[in-house]
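Visitor: Got protein_2.cif for you, mmCIF, N, CA and C atoms:
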data_start
loop_
_atom_site.group_PDB
_atom_site.id
_atom_site.type_symbol
_atom_site.label_atom_id
_atom_site.label_comp_id
_atom_site.auth_asym_id
_atom_site.auth_seq_id
_atom_site.Cartn_x
_atom_site.Cartn_y
_atom_site.Cartn_z
ATOM 1 N N MET A 1 17.884 56.474 -3.004
ATOM 2 C CA MET A 1 17.350 55.780 -1.840
ATOM 3 C C MET A 1 16.144 54.919 -2.211
ATOM 4 N N LEU A 2 15.349 55.396 -3.157
ATOM 5 C CA LEU A 2 14.169 54.666 -3.585
ATOM 6 C C LEU A 2 14.555 53.327 -4.208
ATOM 7 N N GLN A 3 15.633 53.309 -4.946
ATOM 8 C CA GLN A 3 16.104 52.085 -5.589
ATOM 9 C C GLN A 3 16.500 51.048 -4.531
ATOM 10 N N TRP A 4 17.214 51.466 -3.497
ATOM 11 C CA TRP A 4 17.653 50.550 -2.436
ATOM 12 C C TRP A 4 16.453 49.949 -1.711
ATOM 13 N N SER A 5 15.457 50.736 -1.461
ATOM 14 C CA SER A 5 14.252 50.240 -0.791
ATOM 15 C C SER A 5 13.533 49.234 -1.680
ATOM 16 N N ARG A 6 13.499 49.465 -2.976
ATOM 17 C CA ARG A 6 12.874 48.531 -3.901
ATOM 18 C C ARG A 6 13.654 47.213 -3.952
ATOM 19 N N ILE A 7 14.969 47.273 -3.964
ATOM 20 C CA ILE A 7 15.808 46.071 -3.979
ATOM 21 C C ILE A 7 15.593 45.271 -2.697
ATOM 22 N N LYS A 8 15.571 45.967 -1.571
ATOM 23 C CA LYS A 8 15.334 45.301 -0.286
ATOM 24 C C LYS A 8 13.969 44.621 -0.272
ATOM 25 N N ASP A 9 12.972 45.317 -0.775
ATOM 26 C CA ASP A 9 11.614 44.769 -0.814
ATOM 27 C C ASP A 9 11.544 43.547 -1.726
ATOM 28 N N ASP A 10 12.153 43.629 -2.899
ATOM 29 C CA ASP A 10 12.179 42.492 -3.817
ATOM 30 C C ASP A 10 12.924 41.306 -3.222
ATOM 31 N N LEU A 11 14.037 41.593 -2.570
ATOM 32 C CA LEU A 11 14.818 40.531 -1.932
ATOM 33 C C LEU A 11 14.010 39.855 -0.827
ATOM 34 N N TYR A 12 13.311 40.638 -0.030
ATOM 35 C CA TYR A 12 12.483 40.092 1.041
ATOM 36 C C TYR A 12 11.388 39.191 0.471
ATOM 37 N N HIS A 13 10.690 39.646 -0.550
ATOM 38 C CA HIS A 13 9.620 38.857 -1.150
ATOM 39 C C HIS A 13 10.172 37.600 -1.829
ATOM 40 N N GLY A 14 11.352 37.693 -2.402
ATOM 41 C CA GLY A 14 11.981 36.522 -3.011
ATOM 42 C C GLY A 14 12.315 35.468 -1.973
ATOM 43 N N ILE A 15 12.823 35.913 -0.833
ATOM 44 C CA ILE A 15 13.154 34.975 0.248
ATOM 45 C C ILE A 15 11.883 34.334 0.800
ATOM 46 N N VAL A 16 10.822 35.106 0.932
ATOM 47 C CA VAL A 16 9.545 34.562 1.402
ATOM 48 C C VAL A 16 9.046 33.496 0.435
ATOM 49 N N LEU A 17 9.135 33.752 -0.864
ATOM 50 C CA LEU A 17 8.704 32.770 -1.855
ATOM 51 C C LEU A 17 9.558 31.504 -1.801
ATOM 52 N N LEU A 18 10.858 31.665 -1.614
ATOM 53 C CA LEU A 18 11.737 30.498 -1.493
ATOM 54 C C LEU A 18 11.388 29.659 -0.274
ATOM 55 N N ARG A 19 11.132 30.309 0.838
ATOM 56 C CA ARG A 19 10.756 29.577 2.060
ATOM 57 C C ARG A 19 9.451 28.828 1.855
ATOM 58 N N LYS A 20 8.493 29.509 1.246
ATOM 59 C CA LYS A 20 7.203 28.867 1.008
ATOM 60 C C LYS A 20 7.359 27.668 0.078
ATOM 61 N N GLY A 21 8.150 27.809 -0.964
ATOM 62 C CA GLY A 21 8.388 26.711 -1.893
ATOM 63 C C GLY A 21 9.105 25.548 -1.233
ATOM 64 N N ALA A 22 10.095 25.863 -0.393
ATOM 65 C CA ALA A 22 10.827 24.800 0.310
ATOM 66 C C ALA A 22 9.910 24.073 1.280
ATOM 67 N N LEU A 23 9.062 24.811 1.959
ATOM 68 C CA LEU A 23 8.125 24.193 2.896
ATOM 69 C C LEU A 23 7.116 23.319 2.157
ATOM 70 N N THR A 24 6.621 23.794 1.042
ATOM 71 C CA THR A 24 5.675 23.011 0.248
ATOM 72 C C THR A 24 6.325 21.723 -0.248
ATOM 73 N N ALA A 25 7.561 21.828 -0.712
ATOM 74 C CA ALA A 25 8.270 20.638 -1.189
ATOM 75 C C ALA A 25 8.511 19.653 -0.049
ATOM 76 N N ALA A 26 8.852 20.160 1.130
ATOM 77 C CA ALA A 26 9.088 19.280 2.280
ATOM 78 C C ALA A 26 7.809 18.560 2.695
ATOM 79 N N VAL A 27 6.702 19.262 2.717
ATOM 80 C CA VAL A 27 5.418 18.653 3.088
ATOM 81 C C VAL A 27 5.018 17.601 2.060
ATOM 82 N N TYR A 28 5.176 17.928 0.789
ATOM 83 C CA TYR A 28 4.820 16.994 -0.269
ATOM 84 C C TYR A 28 5.681 15.733 -0.196
ATOM 85 N N SER A 29 6.972 15.896 0.017
ATOM 86 C CA SER A 29 7.849 14.718 0.086
ATOM 87 C C SER A 29 7.543 13.885 1.324
ATOM 88 N N SER A 30 7.175 14.529 2.410
ATOM 89 C CA SER A 30 6.788 13.787 3.616
ATOM 90 C C SER A 30 5.518 12.975 3.372
ATOM 91 N N GLN A 31 4.554 13.566 2.686
ATOM 92 C CA GLN A 31 3.320 12.853 2.369
ATOM 93 C C GLN A 31 3.593 11.680 1.435
ATOM 94 N N GLU A 32 4.458 11.871 0.474
ATOM 95 C CA GLU A 32 4.799 10.786 -0.445
ATOM 96 C C GLU A 32 5.514 9.654 0.282
ATOM 97 N N ALA A 33 6.395 10.011 1.218
ATOM 98 C CA ALA A 33 7.088 8.980 2.001
ATOM 99 C C ALA A 33 6.083 8.186 2.834
ATOM 100 N N ASP A 34 5.120 8.882 3.427
ATOM 101 C CA ASP A 34 4.084 8.193 4.196
ATOM 102 C C ASP A 34 3.239 7.286 3.296
ATOM 103 N N ARG A 35 2.923 7.776 2.100
ATOM 104 C CA ARG A 35 2.138 6.978 1.164
ATOM 105 C C ARG A 35 2.905 5.711 0.766
ATOM 106 N N LEU A 36 4.208 5.829 0.562
ATOM 107 C CA LEU A 36 5.019 4.659 0.220
ATOM 108 C C LEU A 36 5.083 3.666 1.380
ATOM 109 N N LYS A 37 5.141 4.183 2.614
ATOM 110 C CA LYS A 37 5.130 3.294 3.787
ATOM 111 C C LYS A 37 3.825 2.506 3.851
ATOM 112 N N PHE A 38 2.704 3.194 3.626
ATOM 113 C CA PHE A 38 1.417 2.502 3.622
ATOM 114 C C PHE A 38 1.381 1.451 2.519
ATOM 115 N N GLN A 39 1.907 1.804 1.354
ATOM 116 C CA GLN A 39 1.903 0.872 0.231
ATOM 117 C C GLN A 39 2.729 -0.372 0.555
ATOM 118 N N ARG A 40 3.878 -0.189 1.172
ATOM 119 C CA ARG A 40 4.719 -1.343 1.538
ATOM 120 C C ARG A 40 4.040 -2.222 2.572
ATOM 121 N N ARG A 41 3.394 -1.587 3.557
ATOM 122 C CA ARG A 41 2.691 -2.377 4.574
ATOM 123 C C ARG A 41 1.537 -3.165 3.956
ATOM 124 N N LEU A 42 0.825 -2.549 3.025
ATOM 125 C CA LEU A 42 -0.264 -3.249 2.348
ATOM 126 C C LEU A 42 0.254 -4.420 1.525
ATOM 127 N N GLN A 43 1.345 -4.214 0.827
ATOM 128 C CA GLN A 43 1.916 -5.302 0.038
ATOM 129 C C GLN A 43 2.372 -6.439 0.938
ATOM 130 N N ALA A 44 2.967 -6.121 2.081
ATOM 131 C CA ALA A 44 3.395 -7.160 3.023
ATOM 132 C C ALA A 44 2.189 -7.925 3.571
ATOM 133 N N ALA A 45 1.115 -7.196 3.898
ATOM 134 C CA ALA A 45 -0.085 -7.859 4.407
ATOM 135 C C ALA A 45 -0.698 -8.765 3.332
ATOM 136 N N HIS A 46 -0.699 -8.320 2.081
ATOM 137 C CA HIS A 46 -1.196 -9.161 0.982
ATOM 138 C C HIS A 46 -0.343 -10.425 0.837
ATOM 139 N N ARG A 47 0.972 -10.270 0.924
ATOM 140 C CA ARG A 47 1.851 -11.440 0.818
ATOM 141 C C ARG A 47 1.612 -12.420 1.953
ATOM 142 N N HIS A 48 1.457 -11.911 3.183
ATOM 143 C CA HIS A 48 1.220 -12.792 4.336
ATOM 144 C C HIS A 48 -0.108 -13.532 4.200
ATOM 145 N N LEU A 49 -1.125 -12.823 3.733
ATOM 146 C CA LEU A 49 -2.431 -13.462 3.553
ATOM 147 C C LEU A 49 -2.357 -14.532 2.464
ATOM 148 N N ALA A 50 -1.662 -14.239 1.381
ATOM 149 C CA ALA A 50 -1.532 -15.217 0.298
ATOM 150 C C ALA A 50 -0.769 -16.451 0.778
ATOM 151 N N SER A 51 0.273 -16.254 1.576
ATOM 152 C CA SER A 51 1.025 -17.415 2.076
ATOM 153 C C SER A 51 0.190 -18.236 3.057
ATOM 154 N N ALA A 52 -0.672 -17.569 3.840
ATOM 155 C CA ALA A 52 -1.543 -18.297 4.759
ATOM 156 C C ALA A 52 -2.572 -19.123 3.975
ATOM 157 N N TYR A 53 -3.146 -18.546 2.920
ATOM 158 C CA TYR A 53 -4.064 -19.309 2.068
ATOM 159 C C TYR A 53 -3.344 -20.480 1.407
ATOM 160 N N ARG A 54 -2.122 -20.245 0.965
ATOM 161 C CA ARG A 54 -1.349 -21.304 0.318
ATOM 162 C C ARG A 54 -1.083 -22.451 1.298
ATOM 163 N N ALA A 55 -0.733 -22.100 2.552
ATOM 164 C CA ALA A 55 -0.472 -23.122 3.567
ATOM 165 C C ALA A 55 -1.733 -23.940 3.853
ATOM 166 N N LEU A 56 -2.886 -23.259 3.935
ATOM 167 C CA LEU A 56 -4.137 -23.979 4.168
ATOM 168 C C LEU A 56 -4.461 -24.886 2.983
ATOM 169 N N GLY A 57 -4.219 -24.403 1.778
ATOM 170 C CA GLY A 57 -4.474 -25.223 0.595
ATOM 171 C C GLY A 57 -3.597 -26.461 0.547
ATOM 172 N N LYS A 58 -2.326 -26.299 0.869
ATOM 173 C CA LYS A 58 -1.420 -27.449 0.878
ATOM 174 C C LYS A 58 -1.832 -28.453 1.937
ATOM 175 N N TYR A 59 -2.174 -27.929 3.107
ATOM 176 C CA TYR A 59 -2.592 -28.820 4.196
ATOM 177 C C TYR A 59 -3.866 -29.573 3.809
ATOM 178 N N GLY A 60 -4.820 -28.846 3.198
ATOM 179 C CA GLY A 60 -6.074 -29.474 2.782
ATOM 180 C C GLY A 60 -5.849 -30.547 1.731
ATOM 181 N N LEU A 61 -4.974 -30.279 0.771
ATOM 182 C CA LEU A 61 -4.686 -31.283 -0.257
ATOM 183 C C LEU A 61 -4.039 -32.525 0.339
ATOM 184 N N MET A 62 -3.127 -32.315 1.266
ATOM 185 C CA MET A 62 -2.471 -33.466 1.911
ATOM 186 C C MET A 62 -3.492 -34.305 2.663
ATOM 187 N N LYS A 63 -4.401 -33.646 3.375
ATOM 188 C CA LYS A 63 -5.407 -34.368 4.144
ATOM 189 C C LYS A 63 -6.415 -35.069 3.231
ATOM 190 N N LEU A 64 -6.794 -34.412 2.154
ATOM 191 C CA LEU A 64 -7.732 -35.034 1.228
ATOM 192 C C LEU A 64 -7.104 -36.241 0.537
ATOM 193 N N GLN A 65 -5.834 -36.163 0.214
ATOM 194 C CA GLN A 65 -5.151 -37.285 -0.418
ATOM 195 C C GLN A 65 -5.007 -38.473 0.533
ATOM 196 N N SER A 66 -4.872 -38.160 1.822
ATOM 197 C CA SER A 66 -4.740 -39.245 2.792
ATOM 198 C C SER A 66 -6.091 -39.769 3.259
ATOM 199 N N GLY A 67 -7.191 -39.178 2.776
ATOM 200 C CA GLY A 67 -8.512 -39.708 3.075
ATOM 201 C C GLY A 67 -9.212 -39.051 4.247
ATOM 202 N N HIS A 68 -8.813 -37.878 4.659
ATOM 203 C CA HIS A 68 -9.472 -37.158 5.757
ATOM 204 C C HIS A 68 -10.203 -35.938 5.189
ATOM 205 N N PRO A 69 -11.487 -36.069 4.862
ATOM 206 C CA PRO A 69 -12.201 -34.959 4.234
ATOM 207 C C PRO A 69 -12.513 -33.809 5.195
ATOM 208 N N ASP A 70 -12.568 -34.058 6.498
ATOM 209 C CA ASP A 70 -12.886 -33.005 7.471
ATOM 210 C C ASP A 70 -11.605 -32.417 8.069
ATOM 211 N N PHE A 71 -10.726 -31.940 7.230
ATOM 212 C CA PHE A 71 -9.458 -31.404 7.725
ATOM 213 C C PHE A 71 -9.637 -30.068 8.428
ATOM 214 N N MET A 72 -10.747 -29.373 8.199
ATOM 215 C CA MET A 72 -10.988 -28.081 8.851
ATOM 216 C C MET A 72 -11.274 -28.250 10.341
ATOM 217 N N LYS A 73 -11.673 -29.455 10.751
ATOM 218 C CA LYS A 73 -11.957 -29.693 12.166
ATOM 219 C C LYS A 73 -10.718 -30.116 12.937
ATOM 220 N N ASP A 74 -9.631 -30.431 12.229
ATOM 221 C CA ASP A 74 -8.369 -30.776 12.882
ATOM 222 C C ASP A 74 -7.821 -29.551 13.604
ATOM 223 N N LYS A 75 -6.938 -29.821 14.525
ATOM 224 C CA LYS A 75 -6.302 -28.742 15.273
ATOM 225 C C LYS A 75 -5.482 -27.858 14.335
ATOM 226 N N GLU A 76 -4.713 -28.470 13.467
ATOM 227 C CA GLU A 76 -3.875 -27.717 12.527
ATOM 228 C C GLU A 76 -4.721 -26.939 11.518
ATOM 229 N N GLY A 77 -5.775 -27.563 11.019
ATOM 230 C CA GLY A 77 -6.657 -26.894 10.063
ATOM 231 C C GLY A 77 -7.341 -25.679 10.669
ATOM 232 N N SER A 78 -7.848 -25.819 11.888
ATOM 233 C CA SER A 78 -8.509 -24.683 12.537
ATOM 234 C C SER A 78 -7.498 -23.586 12.875
ATOM 235 N N HIS A 79 -6.264 -23.990 13.190
ATOM 236 C CA HIS A 79 -5.209 -23.001 13.447
ATOM 237 C C HIS A 79 -4.918 -22.194 12.182
ATOM 238 N N LEU A 80 -4.854 -22.869 11.036
ATOM 239 C CA LEU A 80 -4.596 -22.173 9.782
ATOM 240 C C LEU A 80 -5.743 -21.235 9.411
ATOM 241 N N VAL A 81 -6.973 -21.645 9.687
ATOM 242 C CA VAL A 81 -8.123 -20.788 9.414
ATOM 243 C C VAL A 81 -8.093 -19.550 10.316
ATOM 244 N N ARG A 82 -7.764 -19.738 11.597
ATOM 245 C CA ARG A 82 -7.647 -18.590 12.506
ATOM 246 C C ARG A 82 -6.536 -17.647 12.050
ATOM 247 N N GLU A 83 -5.435 -18.210 11.571
ATOM 248 C CA GLU A 83 -4.327 -17.395 11.075
ATOM 249 C C GLU A 83 -4.772 -16.564 9.865
ATOM 250 N N ILE A 84 -5.561 -17.163 8.993
ATOM 251 C CA ILE A 84 -6.080 -16.428 7.841
ATOM 252 C C ILE A 84 -6.991 -15.295 8.298
ATOM 253 N N ASP A 85 -7.841 -15.571 9.280
ATOM 254 C CA ASP A 85 -8.725 -14.523 9.789
ATOM 255 C C ASP A 85 -7.936 -13.363 10.375
ATOM 256 N N VAL A 86 -6.878 -13.670 11.101
ATOM 257 C CA VAL A 86 -6.036 -12.619 11.690
ATOM 258 C C VAL A 86 -5.360 -11.806 10.591
ATOM 259 N N LYS A 87 -4.837 -12.482 9.591
ATOM 260 C CA LYS A 87 -4.153 -11.790 8.493
ATOM 261 C C LYS A 87 -5.140 -10.937 7.691
ATOM 262 N N ARG A 88 -6.351 -11.441 7.496
ATOM 263 C CA ARG A 88 -7.354 -10.672 6.773
ATOM 264 C C ARG A 88 -7.741 -9.423 7.571
ATOM 265 N N ALA A 89 -7.893 -9.559 8.890
ATOM 266 C CA ALA A 89 -8.210 -8.402 9.725
ATOM 267 C C ALA A 89 -7.070 -7.380 9.690
ATOM 268 N N GLU A 90 -5.837 -7.870 9.683
ATOM 269 C CA GLU A 90 -4.682 -6.975 9.597
ATOM 270 C C GLU A 90 -4.685 -6.219 8.268
ATOM 271 N N LEU A 91 -4.996 -6.910 7.194
ATOM 272 C CA LEU A 91 -5.063 -6.277 5.876
ATOM 273 C C LEU A 91 -6.161 -5.221 5.836
ATOM 274 N N GLU A 92 -7.321 -5.536 6.387
ATOM 275 C CA GLU A 92 -8.425 -4.570 6.406
ATOM 276 C C GLU A 92 -8.062 -3.343 7.240
ATOM 277 N N LYS A 93 -7.353 -3.560 8.336
ATOM 278 C CA LYS A 93 -6.912 -2.448 9.177
ATOM 279 C C LYS A 93 -5.939 -1.551 8.411
ATOM 280 N N GLN A 94 -5.000 -2.165 7.714
ATOM 281 C CA GLN A 94 -4.049 -1.393 6.919
ATOM 282 C C GLN A 94 -4.760 -0.595 5.824
ATOM 283 N N MET A 95 -5.742 -1.210 5.195
ATOM 284 C CA MET A 95 -6.480 -0.519 4.138
ATOM 285 C C MET A 95 -7.281 0.649 4.706
ATOM 286 N N ALA A 96 -7.855 0.460 5.892
ATOM 287 C CA ALA A 96 -8.609 1.545 6.527
ATOM 288 C C ALA A 96 -7.682 2.699 6.901
ATOM 289 N N GLU A 97 -6.483 2.394 7.398
ATOM 290 C CA GLU A 97 -5.517 3.439 7.728
ATOM 291 C C GLU A 97 -5.111 4.215 6.475
ATOM 292 N N ARG A 98 -4.896 3.494 5.378
ATOM 293 C CA ARG A 98 -4.531 4.150 4.126
ATOM 294 C C ARG A 98 -5.655 5.047 3.637
ATOM 295 N N ASP A 99 -6.883 4.557 3.730
ATOM 296 C CA ASP A 99 -8.026 5.359 3.290
ATOM 297 C C ASP A 99 -8.181 6.607 4.156
ATOM 298 N N ASP A 100 -7.978 6.480 5.473
ATOM 299 C CA ASP A 100 -8.033 7.640 6.358
ATOM 300 C C ASP A 100 -6.957 8.655 5.992
ATOM 301 N N PHE A 101 -5.767 8.162 5.698
ATOM 302 C CA PHE A 101 -4.663 9.045 5.304
ATOM 303 C C PHE A 101 -5.009 9.785 4.020
ATOM 304 N N ASP A 102 -5.568 9.069 3.055
ATOM 305 C CA ASP A 102 -5.944 9.699 1.786
ATOM 306 C C ASP A 102 -7.040 10.738 1.988
ATOM 307 N N ARG A 103 -8.017 10.429 2.851
ATOM 308 C CA ARG A 103 -9.084 11.394 3.132
ATOM 309 C C ARG A 103 -8.539 12.637 3.795
ATOM 310 N N GLU A 104 -7.650 12.479 4.773
ATOM 311 C CA GLU A 104 -7.045 13.640 5.444
ATOM 312 C C GLU A 104 -6.259 14.485 4.453
ATOM 313 N N GLU A 105 -5.541 13.821 3.558
ATOM 314 C CA GLU A 105 -4.757 14.544 2.571
ATOM 315 C C GLU A 105 -5.642 15.319 1.614
ATOM 316 N N GLU A 106 -6.772 14.735 1.214
ATOM 317 C CA GLU A 106 -7.707 15.425 0.338
ATOM 318 C C GLU A 106 -8.311 16.645 1.041
ATOM 319 N N GLN A 107 -8.624 16.506 2.335
ATOM 320 C CA GLN A 107 -9.192 17.622 3.075
ATOM 321 C C GLN A 107 -8.164 18.727 3.266
ATOM 322 N N ASP A 108 -6.899 18.363 3.478
ATOM 323 C CA ASP A 108 -5.857 19.365 3.633
ATOM 324 C C ASP A 108 -5.598 20.099 2.318
ATOM 325 N N GLY A 109 -5.775 19.392 1.222
ATOM 326 C CA GLY A 109 -5.533 19.977 -0.084
ATOM 327 C C GLY A 109 -6.623 20.948 -0.509
ATOM 328 N N LYS A 110 -7.803 20.814 0.037
ATOM 329 C CA LYS A 110 -8.925 21.674 -0.349
ATOM 330 C C LYS A 110 -8.860 23.021 0.322
#
As structure tokens, what does this structure read like?
Guide:
Amino acid sequence: MLQWSRIKDDLYHGIVLLRKGALTAAVYSSQEADRLKFQRRLQAAHRHLASAYRALGKYGLMKLQSGHPDFMKDKEGSHLVREIDVKRAELEKQMAERDDFDREEEQDGK
């Protein structure tokens, strides 16, 4: 009878360890998936900001070549500058969200 009780006890503890390991793996994979989502959003925001800067640069070169040095005061120029400001704010927001996520993860890990 003692042997059966020991087998039952070992089996119970083994199942508990398996559950704990599966839960740990699930939490870790969920955190990694979230980290990848943040990374993709940051890369997209960087691409959008770079394209907005590129558009402003092209517009500025066209205006400078045609002899209009104050292209920033044009309607289109000011629109492009506002677009850059919006994209930069979006990028900063994404970076702040990522930093908050990393801080929460560090606190949970401690």
Visitor: To one decimal place, how far is atom CA of Glu92 of chain A from atom N of Tyr53 of chain A in Å?
Guide: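 Pair atom CA of Glu92 of chain A / atom N of Tyr53 of chain A returns 15.3 Å.
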Visitor: Nearest to Gln94 of chain A among A:Lys20, A:Arg82, A:Arg35, A:Arg41, with distances taken over only N, CA and C atoms: which residue is it?
Guide: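 Between A:Lys20, A:Arg82, A:Arg35, A:Arg41, the residue approaching Gln94 of chain A most closely is A:Arg41.
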Visitor: Show me, as an mmCIF file with N, CA and C atoms, in the frame of the given file, the residues that have an atom within 12 Å of Asp108 of chain A when counting only C-alpha atoms, minus same-chain residues fewer than 3 positions from it.
Guide:
data_model
loop_
_atom_site.group_PDB
_atom_site.id
_atom_site.type_symbol
_atom_site.label_atom_id
_atom_site.label_comp_id
_atom_site.auth_asym_id
_atom_site.auth_seq_id
_atom_site.Cartn_x
_atom_site.Cartn_y
_atom_site.Cartn_z
ATOM 1 N N VAL A 27 6.702 19.262 2.717
ATOM 2 C CA VAL A 27 5.418 18.653 3.088
ATOM 3 C C VAL A 27 5.018 17.601 2.060
ATOM 4 N N TYR A 28 5.176 17.928 0.789
ATOM 5 C CA TYR A 28 4.820 16.994 -0.269
ATOM 6 C C TYR A 28 5.681 15.733 -0.196
ATOM 7 N N GLN A 31 4.554 13.566 2.686
ATOM 8 C CA GLN A 31 3.320 12.853 2.369
ATOM 9 C C GLN A 31 3.593 11.680 1.435
ATOM 10 N N PHE A 101 -5.767 8.162 5.698
ATOM 11 C CA PHE A 101 -4.663 9.045 5.304
ATOM 12 C C PHE A 101 -5.009 9.785 4.020
ATOM 13 N N ASP A 102 -5.568 9.069 3.055
ATOM 14 C CA ASP A 102 -5.944 9.699 1.786
ATOM 15 C C ASP A 102 -7.040 10.738 1.988
ATOM 16 N N ARG A 103 -8.017 10.429 2.851
ATOM 17 C CA ARG A 103 -9.084 11.394 3.132
ATOM 18 C C ARG A 103 -8.539 12.637 3.795
ATOM 19 N N GLU A 104 -7.650 12.479 4.773
ATOM 20 C CA GLU A 104 -7.045 13.640 5.444
ATOM 21 C C GLU A 104 -6.259 14.485 4.453
ATOM 22 N N GLU A 105 -5.541 13.821 3.558
ATOM 23 C CA GLU A 105 -4.757 14.544 2.571
ATOM 24 C C GLU A 105 -5.642 15.319 1.614
#
Visitor: Please, what distance in Å, to one decimal, runs between atom N of His46 of chain A and atom N of Asp85 of chain A?
Guide: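 Separation between atom N of His46 of chain A and atom N of Asp85 of chain A: 12.5 Å.
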Visitor: Using all atoms of segment 72-82 of chain A that appear in the file, construct an axis-aligned enclosing box with 8 Å of padding on every side and provide its centre coordinates and edge lengths in Å, rounded to one decimal, as JSON.
Guide:
{"center_x": -7.9, "center_y": -24.2, "center_z": 11.7, "size_x": 24.1, "size_y": 29.1, "size_z": 23.1}
Visitor: Quick one: distance from atom CA of Asp70 of chain A to atom C of Glu90 of chain A in Å, one decimal?
Guide: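 That distance, rounded to one decimal, is 28.0 Å.
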Visitor: For Lys93 of chain A, please output as a PyMOL selection string all residues within 12 Å (counting only C-alpha atoms; exclusion window: fewer than 4 positions along the same chain).
Guide: chain A and resi 38+41-42+45+86-89+97-100
